[in-house]
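Here the structure is laid out as structure tokens; the discussion comes afterwards.
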Amino acid sequence: MSALEIKNLNKVYPNKFVALKEVELNINKGDFFALLGPNGAGKSTTIGIICGLVNKTSGSVKIFDHDIDIDKRAAKACIGIVPQEINFSQFETPLDIVVNQGGYYGIKRSIALKRAEKYLKQLGLIEKSKEPARNLSGGMKRRLMIARALVHEPKMLILDEPTAGVDVELRRSMWDFLIDINKQGVTIMLTTHYLEEAEMLCKNIAIIDQGSIIENTSMKQLLSNLSKETFVLDLIKPIKVLPGLNGFTAILIDETTIEVEVARDKNINDLFKLFSSHNINVCSMRNKSNRLEKLFLDLLENNQVAK
Amino acid sequence: MLDQTTLIALYTIVRKEISRFTRIWIQTILPPTISMTLYFVIFGNLIGSRIGTMNGISYIDFIAPGIIMMSIINNSYANVVSSFFGAKFQHHIEEMLVAPIPNIVILIGFVSGGLARGFLVGAVVTVVALFFTDLKIHSFPITVAVVFMTATVFSLAGLINAIFARKFDDISIIPTFVLTPLIYLGGVFYSIDMLPEFWQTVSALNPILYMVNAFRYGMLGESDINISSAFLILVLFTVVLFSIALILLNKGTGIKH
């Protein structure tokens, strides 16, 4: 059974702006799925339609086989949503916000209270749980929205840029939390601008641009499309001139940094053999840019050219 | 429709609405209490004692039901318009929209909040009135029914106003330019028998006249208008406004894109 099945989804706003064009998307149960795209590509509109905040123009959306037009309540009960913008009352306490959300999903207050305490604790918010939500920091507000989305224990969690504006340490702890939730069987759909985040977390991916899905595949498959990778190498001792590295394209950036392009069919061990033969010692090595970022930009560029 | 899930959702909305206006009681309960006390002091005691009687009733006794009704109308309207618009403005209306709550439950939940505030402020103002006059209740069922239906009508009107409102100005236009004149011209402070025939006919078009007079009848057994017409108008307004509000929520007007 699919967790989410979208067919021929179209959305035209009253000002005639076409936000979605024949979008087709399928997310398997238990998946950790990334929906990527530039600003204004249609990610939030898609999510808005799935969770009932945006009226679709045409097409069908099924959540765990519940059609949002026919069986709206059952469909909604399956998903928890963490939106891009802060959307809770700043005057209420985190505890009330989470418990009330449980109530909206028909969870008894006594149960909702226990779950709220559990999730607020797991997300490091328990000490702030009885303070007005306006006192929370930006990162805490985002975590509060995750706790709120989980209170009814949904089968699927949809997160629209959950780590936007969150510091690195906190982002990593949110990743760990989401990985754990996914391992417990919750299907996760994520949009993000941090491509490293998508690469790190997600098994499958779709890229949307100008309202159309331009790629929908597994992360592994997508990354295998890379024809070459560029690495940056830091040297232990400075060198004045870069010797010839047969079969590799390399540039000396400065006396202790070399940038090397490695084609997919090349063996990286050969590169190090060449370095050793020239008495060049490497102390560290990294990708010049995120691999997914490179593919993402290439796909968008190709899509622009095709149009 | 009324399964346990739905009832819990309704209870949650009503609880949240009541805790909202009681948490900010300095803004919601205190001001009408003070202003209505001033009405009783100035119009009832000071000026009223010189006016004499109205339809054979002392002036303060005559205006007391009108003043109570005025506070119920204003507060039931204000509660829903500000709460719903606030939820729209801060986007936390989305908390309800993403949940499996039927729109009719959202509607009843917000209206119940308006009813609760209308009843609470009405009760507080009634207690204040007791310091100035001996209130008697001619018919308890009629009094309660009129309060219930009037508060419902104005809670629904407040909800519709909030659905269409795009900025804070939009939620004060109707209360200032429509509601207040209709209340003041709705027979709170005078009997329409005092007006020339033409203005009596014009006043008959004002729905608040029927509500104030029906309430006055419930308390004093005295009314300028026929009680059955008042109830008919209340039922009509309730049905029409309820239907409009539900249609708007179902369409997602003002809350969905």
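Residue numbers start at 1 in each chain; chains themselves are named A, B, ... in the order of the structure tokens; ligands are numbered from 1 in the order shown.
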Original post:
Which residues of chain B are close to chain A, meaning at most 8 Å apart when you count only C-alpha atoms, and how do they look as a list in words?
Top reply: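 Contact residues on the first chain: Gln4, Thr5, Thr6, Leu7, Ile8, Ala9, Leu10, Tyr11, Thr12, Ile13, Lys16, Ala87, Gln90, His91, His92, Glu94, Glu95, Met96, Leu97, Val98, Ala99, Pro100, Ile101, Pro102, Ile255, Lys256 and His257 of chain B.
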Can I get the selected residues back with N, CA, C and O atoms, as a CSV table (one decimal), in the first residue's frame?
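File out.csv, as written:
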chain,number,residue,atom,x,y,z
B,4,GLN,N,-17.4,9.9,19.1
B,4,GLN,CA,-16.6,10.4,20.2
B,4,GLN,C,-15.4,11.3,19.8
B,4,GLN,O,-15.2,12.3,20.5
B,5,THR,N,-14.8,11.0,18.7
B,5,THR,CA,-13.7,11.8,18.1
B,5,THR,C,-14.2,13.2,17.9
B,5,THR,O,-13.6,14.2,18.3
B,6,THR,N,-15.4,13.4,17.3
B,6,THR,CA,-16.0,14.7,17.0
B,6,THR,C,-16.3,15.4,18.3
B,6,THR,O,-16.0,16.6,18.4
B,7,LEU,N,-16.8,14.7,19.3
B,7,LEU,CA,-17.2,15.4,20.5
B,7,LEU,C,-16.0,15.9,21.3
B,7,LEU,O,-16.0,16.9,21.9
B,8,ILE,N,-14.9,15.1,21.2
B,8,ILE,CA,-13.6,15.5,21.9
B,8,ILE,C,-13.1,16.8,21.2
B,8,ILE,O,-12.7,17.7,21.8
B,9,ALA,N,-13.2,16.8,19.8
B,9,ALA,CA,-12.7,17.9,19.1
B,9,ALA,C,-13.6,19.2,19.4
B,9,ALA,O,-13.0,20.3,19.7
B,10,LEU,N,-14.9,19.0,19.5
B,10,LEU,CA,-15.8,20.1,19.9
B,10,LEU,C,-15.4,20.6,21.3
B,10,LEU,O,-15.3,21.8,21.5
B,11,TYR,N,-15.3,19.7,22.2
B,11,TYR,CA,-15.0,20.0,23.6
B,11,TYR,C,-13.7,20.8,23.6
B,11,TYR,O,-13.5,21.8,24.4
B,12,THR,N,-12.7,20.4,22.8
B,12,THR,CA,-11.4,21.1,22.8
B,12,THR,C,-11.5,22.5,22.3
B,12,THR,O,-10.9,23.4,22.9
B,13,ILE,N,-12.3,22.7,21.3
B,13,ILE,CA,-12.4,24.0,20.7
B,13,ILE,C,-13.1,24.9,21.8
B,13,ILE,O,-12.7,26.0,22.0
B,16,LYS,N,-10.9,25.7,24.7
B,16,LYS,CA,-9.9,26.7,24.2
B,16,LYS,C,-10.4,28.1,24.1
B,16,LYS,O,-9.8,29.1,24.6
B,87,ALA,N,-7.0,33.8,15.0
B,87,ALA,CA,-6.6,32.5,14.5
B,87,ALA,C,-6.1,32.5,13.1
B,87,ALA,O,-5.2,31.8,12.7
B,90,GLN,N,-2.8,34.7,12.8
B,90,GLN,CA,-1.6,34.0,13.3
B,90,GLN,C,-1.4,32.6,12.7
B,90,GLN,O,-0.6,31.8,13.0
B,91,HIS,N,-2.4,32.3,11.8
B,91,HIS,CA,-2.4,31.0,11.0
B,91,HIS,C,-2.7,29.8,11.9
B,91,HIS,O,-2.6,28.7,11.4
B,92,HIS,N,-3.0,30.0,13.2
B,92,HIS,CA,-3.3,28.8,14.0
B,92,HIS,C,-4.7,28.2,13.7
B,92,HIS,O,-5.0,27.1,14.3
B,94,GLU,N,-5.1,26.9,11.1
B,94,GLU,CA,-4.6,25.7,10.4
B,94,GLU,C,-4.6,24.5,11.3
B,94,GLU,O,-4.7,23.3,10.8
B,95,GLU,N,-4.4,24.7,12.6
B,95,GLU,CA,-4.3,23.5,13.5
B,95,GLU,C,-5.7,22.7,13.4
B,95,GLU,O,-5.7,21.5,13.5
B,96,MET,N,-6.8,23.5,13.2
B,96,MET,CA,-8.1,22.8,13.1
B,96,MET,C,-8.3,22.3,11.7
B,96,MET,O,-8.9,21.3,11.5
B,97,LEU,N,-7.8,23.1,10.7
B,97,LEU,CA,-8.1,22.7,9.3
B,97,LEU,C,-7.4,21.5,8.9
B,97,LEU,O,-7.9,20.7,8.0
B,98,VAL,N,-6.2,21.2,9.5
B,98,VAL,CA,-5.5,20.0,9.1
B,98,VAL,C,-6.1,18.7,9.8
B,98,VAL,O,-5.8,17.6,9.4
B,99,ALA,N,-6.8,19.0,10.9
B,99,ALA,CA,-7.3,17.9,11.7
B,99,ALA,C,-8.6,17.4,11.1
B,99,ALA,O,-9.3,18.1,10.4
B,100,PRO,N,-9.0,16.1,11.5
B,100,PRO,CA,-10.2,15.6,10.9
B,100,PRO,C,-11.5,16.1,11.6
B,100,PRO,O,-12.3,15.3,12.1
B,101,ILE,N,-11.6,17.4,11.6
B,101,ILE,CA,-12.8,18.0,12.3
B,101,ILE,C,-13.8,18.5,11.2
B,101,ILE,O,-13.4,19.3,10.3
B,102,PRO,N,-15.0,18.1,11.2
B,102,PRO,CA,-16.0,18.6,10.3
B,102,PRO,C,-16.1,20.1,10.5
B,102,PRO,O,-16.1,20.6,11.6
B,255,ILE,N,-9.9,31.3,4.4
B,255,ILE,CA,-9.0,30.5,5.2
B,255,ILE,C,-8.2,29.5,4.4
B,255,ILE,O,-7.2,29.0,4.9
B,256,LYS,N,-8.7,29.2,3.2
B,256,LYS,CA,-7.9,28.3,2.3
B,256,LYS,C,-7.5,29.0,1.0
B,256,LYS,O,-8.2,30.0,0.6
B,257,HIS,N,-6.5,28.5,0.4
B,257,HIS,CA,-6.1,29.2,-0.9
B,257,HIS,C,-6.7,28.4,-2.1
B,257,HIS,O,-6.9,27.3,-2.1
Subject >> Residue neighbourhood region 218-225 of chain B, 7 Å, only C-alpha atoms, exclusion window fewer than 3 positions, as a count of residues only >> reply: 13
Subject >> Shell of 10 Å around Ser58 (chain B), only C-alpha atoms, local chain residues under 5 positions omitted, as a list in words >> reply: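 That gives Gly44, Gly48, Ser49, Ile51, Gly52, Thr53, Ile63 and Thr133 of chain B.
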**OP:** Write out as number ranges by chain each polymer residue whose atoms come within 9 Å of region 180-189 of chain A, counting only C-alpha atoms; drop sequence neighbours fewer than 2 positions from it.
**Re:** A: 3, 27-35, 153-160, 175-178, 191, 202
Please produce an output containing N, CA, C and O atoms for each residue in the selection, written as a JSON list (two decimals), in the first residue's frame.
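Dumped everything to again_10.json:
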[["chain", "number", "residue", "atom", "x", "y", "z"],
["A", 3, "ALA", "N", 1.79, 5.06, 0.90],
["A", 3, "ALA", "CA", 1.44, 6.01, 1.96],
["A", 3, "ALA", "C", 0.78, 7.23, 1.30],
["A", 3, "ALA", "O", -0.18, 7.79, 1.84],
["A", 27, "ILE", "N", 4.55, 7.69, -2.76],
["A", 27, "ILE", "CA", 5.48, 7.48, -1.65],
["A", 27, "ILE", "C", 5.09, 6.19, -0.95],
["A", 27, "ILE", "O", 3.93, 6.02, -0.54],
["A", 28, "ASN", "N", 6.06, 5.29, -0.84],
["A", 28, "ASN", "CA", 5.77, 4.00, -0.21],
["A", 28, "ASN", "C", 5.70, 4.12, 1.30],
["A", 28, "ASN", "O", 6.34, 4.99, 1.90],
["A", 29, "LYS", "N", 4.94, 3.20, 1.88],
["A", 29, "LYS", "CA", 4.83, 3.13, 3.33],
["A", 29, "LYS", "C", 6.22, 2.92, 3.94],
["A", 29, "LYS", "O", 7.00, 2.11, 3.44],
["A", 30, "GLY", "N", 6.55, 3.68, 4.95],
["A", 30, "GLY", "CA", 7.84, 3.53, 5.64],
["A", 30, "GLY", "C", 8.98, 4.30, 5.00],
["A", 30, "GLY", "O", 10.10, 4.30, 5.51],
["A", 31, "ASP", "N", 8.70, 4.95, 3.88],
["A", 31, "ASP", "CA", 9.75, 5.69, 3.15],
["A", 31, "ASP", "C", 10.18, 6.94, 3.92],
["A", 31, "ASP", "O", 9.46, 7.45, 4.77],
["A", 32, "PHE", "N", 11.37, 7.40, 3.60],
["A", 32, "PHE", "CA", 11.84, 8.72, 4.04],
["A", 32, "PHE", "C", 12.08, 9.46, 2.74],
["A", 32, "PHE", "O", 13.05, 9.20, 2.04],
["A", 33, "PHE", "N", 11.17, 10.33, 2.38],
["A", 33, "PHE", "CA", 11.08, 10.87, 1.03],
["A", 33, "PHE", "C", 11.38, 12.36, 1.01],
["A", 33, "PHE", "O", 10.89, 13.11, 1.87],
["A", 34, "ALA", "N", 12.18, 12.78, 0.03],
["A", 34, "ALA", "CA", 12.48, 14.21, -0.09],
["A", 34, "ALA", "C", 11.77, 14.80, -1.30],
["A", 34, "ALA", "O", 11.81, 14.21, -2.38],
["A", 35, "LEU", "N", 11.09, 15.91, -1.10],
["A", 35, "LEU", "CA", 10.53, 16.66, -2.22],
["A", 35, "LEU", "C", 11.32, 17.96, -2.29],
["A", 35, "LEU", "O", 11.22, 18.80, -1.42],
["A", 153, "GLU", "N", -0.04, 10.54, 16.83],
["A", 153, "GLU", "CA", 0.74, 9.40, 16.35],
["A", 153, "GLU", "C", 0.35, 9.03, 14.92],
["A", 153, "GLU", "O", -0.20, 7.96, 14.65],
["A", 154, "PRO", "N", 0.66, 9.95, 13.99],
["A", 154, "PRO", "CA", 0.26, 9.72, 12.59],
["A", 154, "PRO", "C", 1.11, 8.65, 11.91],
["A", 154, "PRO", "O", 2.22, 8.37, 12.35],
["A", 155, "LYS", "N", 0.54, 8.11, 10.83],
["A", 155, "LYS", "CA", 1.30, 7.11, 10.06],
["A", 155, "LYS", "C", 2.32, 7.80, 9.16],
["A", 155, "LYS", "O", 3.27, 7.20, 8.70],
["A", 156, "MET", "N", 2.02, 9.07, 8.86],
["A", 156, "MET", "CA", 2.91, 9.80, 7.95],
["A", 156, "MET", "C", 3.16, 11.20, 8.50],
["A", 156, "MET", "O", 2.22, 11.87, 8.95],
["A", 157, "LEU", "N", 4.41, 11.60, 8.45],
["A", 157, "LEU", "CA", 4.78, 12.93, 8.94],
["A", 157, "LEU", "C", 5.28, 13.75, 7.75],
["A", 157, "LEU", "O", 6.15, 13.29, 7.00],
["A", 158, "ILE", "N", 4.69, 14.92, 7.57],
["A", 158, "ILE", "CA", 5.10, 15.78, 6.46],
["A", 158, "ILE", "C", 5.77, 17.02, 7.03],
["A", 158, "ILE", "O", 5.17, 17.73, 7.85],
["A", 159, "LEU", "N", 7.00, 17.25, 6.62],
["A", 159, "LEU", "CA", 7.76, 18.38, 7.18],
["A", 159, "LEU", "C", 8.17, 19.33, 6.06],
["A", 159, "LEU", "O", 8.86, 18.93, 5.13],
["A", 160, "ASP", "N", 7.70, 20.55, 6.14],
["A", 160, "ASP", "CA", 8.01, 21.55, 5.13],
["A", 160, "ASP", "C", 9.14, 22.45, 5.65],
["A", 160, "ASP", "O", 8.90, 23.33, 6.47],
["A", 175, "TRP", "N", 17.66, 15.63, 13.00],
["A", 175, "TRP", "CA", 17.82, 14.52, 12.05],
["A", 175, "TRP", "C", 17.75, 13.19, 12.80],
["A", 175, "TRP", "O", 17.06, 12.27, 12.36],
["A", 176, "ASP", "N", 18.48, 13.11, 13.91],
["A", 176, "ASP", "CA", 18.49, 11.86, 14.69],
["A", 176, "ASP", "C", 17.07, 11.51, 15.14],
["A", 176, "ASP", "O", 16.66, 10.35, 15.08],
["A", 177, "PHE", "N", 16.34, 12.53, 15.56],
["A", 177, "PHE", "CA", 14.96, 12.31, 16.03],
["A", 177, "PHE", "C", 14.10, 11.78, 14.88],
["A", 177, "PHE", "O", 13.35, 10.81, 15.04],
["A", 178, "LEU", "N", 14.25, 12.40, 13.70],
["A", 178, "LEU", "CA", 13.44, 11.98, 12.56],
["A", 178, "LEU", "C", 13.81, 10.57, 12.08],
["A", 178, "LEU", "O", 12.94, 9.78, 11.71],
["A", 191, "THR", "N", 10.53, 18.47, 2.82],
["A", 191, "THR", "CA", 11.07, 19.41, 1.84],
["A", 191, "THR", "C", 12.17, 20.17, 2.55],
["A", 191, "THR", "O", 12.08, 20.41, 3.75],
["A", 202, "CYS", "N", 17.19, 10.87, 3.29],
["A", 202, "CYS", "CA", 16.09, 10.32, 2.47],
["A", 202, "CYS", "C", 16.51, 9.14, 1.59],
["A", 202, "CYS", "O", 17.62, 9.11, 1.05]]
Original post:
Which residues come within 6 Å of region 228-240 of chain A, counting only C-alpha atoms, excluding same-chain residues fewer than 2 positions away, as a PyMOL selection string?
Top reply: chain A and resi 226+255-264+281-288
**OP:** Do a neighbour search on region 20-24 of chain A at 6 Å with only C-alpha atoms, toss out local chain neighbours closer than 3 positions, and write the hits as a VMD selection string.
**Re:** chain A and resid 6 to 11 211 to 212
Please produce a file of those selected residues containing N, CA and C atoms, as a short mmCIF file (atom, residue, chain, number, x, y, z; two decimals), in the first residue's frame.
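And here is the file that came out, again.cif:
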data_model
loop_
_atom_site.label_atom_id
_atom_site.label_comp_id
_atom_site.auth_asym_id
_atom_site.auth_seq_id
_atom_site.Cartn_x
_atom_site.Cartn_y
_atom_site.Cartn_z
N ILE A 6 -0.42 10.46 -5.51
CA ILE A 6 -0.95 11.68 -6.14
C ILE A 6 -1.02 11.45 -7.65
N LYS A 7 -2.18 11.76 -8.22
CA LYS A 7 -2.34 11.55 -9.67
C LYS A 7 -2.89 12.81 -10.32
N ASN A 8 -2.26 13.20 -11.41
CA ASN A 8 -2.73 14.33 -12.24
C ASN A 8 -3.15 15.54 -11.43
N LEU A 9 -2.34 15.89 -10.46
CA LEU A 9 -2.71 17.00 -9.57
C LEU A 9 -2.40 18.34 -10.23
N ASN A 10 -3.42 19.18 -10.26
CA ASN A 10 -3.28 20.51 -10.85
C ASN A 10 -3.78 21.55 -9.87
N LYS A 11 -3.11 22.68 -9.85
CA LYS A 11 -3.59 23.79 -9.04
C LYS A 11 -3.37 25.10 -9.80
N GLY A 211 6.15 23.75 -10.98
CA GLY A 211 4.89 23.02 -10.86
C GLY A 211 4.87 21.62 -11.43
N SER A 212 6.02 21.17 -11.98
CA SER A 212 6.05 19.81 -12.55
C SER A 212 7.15 18.99 -11.88
#
Long-range neighbours of Arg166 (chain B) as a JSON list (two decimals) with N, CA and C atoms, in the first residue's frame, 10 Å cut-off, only C-alpha atoms, 6 positions minimum in chain:
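Result went into around09.json, see below:
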[["chain", "number", "residue", "atom", "x", "y", "z"],
["B", 85, "PHE", "N", -10.57, 35.77, 13.78],
["B", 85, "PHE", "CA", -9.64, 36.55, 12.96],
["B", 85, "PHE", "C", -8.21, 36.40, 13.49],
["B", 88, "LYS", "N", -6.88, 33.26, 12.28],
["B", 88, "LYS", "CA", -6.52, 33.40, 10.86],
["B", 88, "LYS", "C", -5.21, 34.17, 10.71],
["B", 89, "PHE", "N", -5.12, 35.27, 11.44],
["B", 89, "PHE", "CA", -3.98, 36.18, 11.33],
["B", 89, "PHE", "C", -2.68, 35.48, 11.75],
["B", 254, "GLY", "N", -11.55, 32.75, 2.71],
["B", 254, "GLY", "CA", -10.73, 33.50, 3.68],
["B", 254, "GLY", "C", -9.78, 32.64, 4.49]]
Original post:
Which value, in Å to one decimal, gives the distance between CA of Phe242 (chain B) and CA of Asn79 (chain B)?
Top reply: 16.6 Å
**OP:** Please return as number ranges by chain: the residues of region 45-206 of chain B that backbone DSSP assigns to alpha helix (DSSP H).
**Re:** B: 48-51, 59-89, 94-97, 103-130, 140-164, 170-174, 180-184, 197-203
**OP:** Have a look at CA of Arg117 (chain B) and CA of Ile18 (chain B) and let me know their distance in Å, one decimal.
**Re:**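 Separating CA of Arg117 (chain B) from CA of Ile18 (chain B) is a distance of 7.5 Å.
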Subject >> Among listed residues B:Ile247, B:Met69, B:Leu46, B:Ala78, nearest Ile171 (chain B) (using only C-alpha atoms) >> reply: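 Using only C-alpha atoms, Ile171 (chain B) sits closest to B:Ala78.
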Original post:
To one decimal place, how far is CA of Ile183 (chain B) from CA of Ile68 (chain B) in Å?
Top reply: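 It comes out at 11.6 Å.
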**OP:** Pick out the closest residue to Gly118 (chain B) from this set: B:Phe43, B:Tyr190, B:Phe164, B:Phe21. Count only C-alpha atoms.
**Re:**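 Under the stated criterion, the closest residue is B:Phe21.
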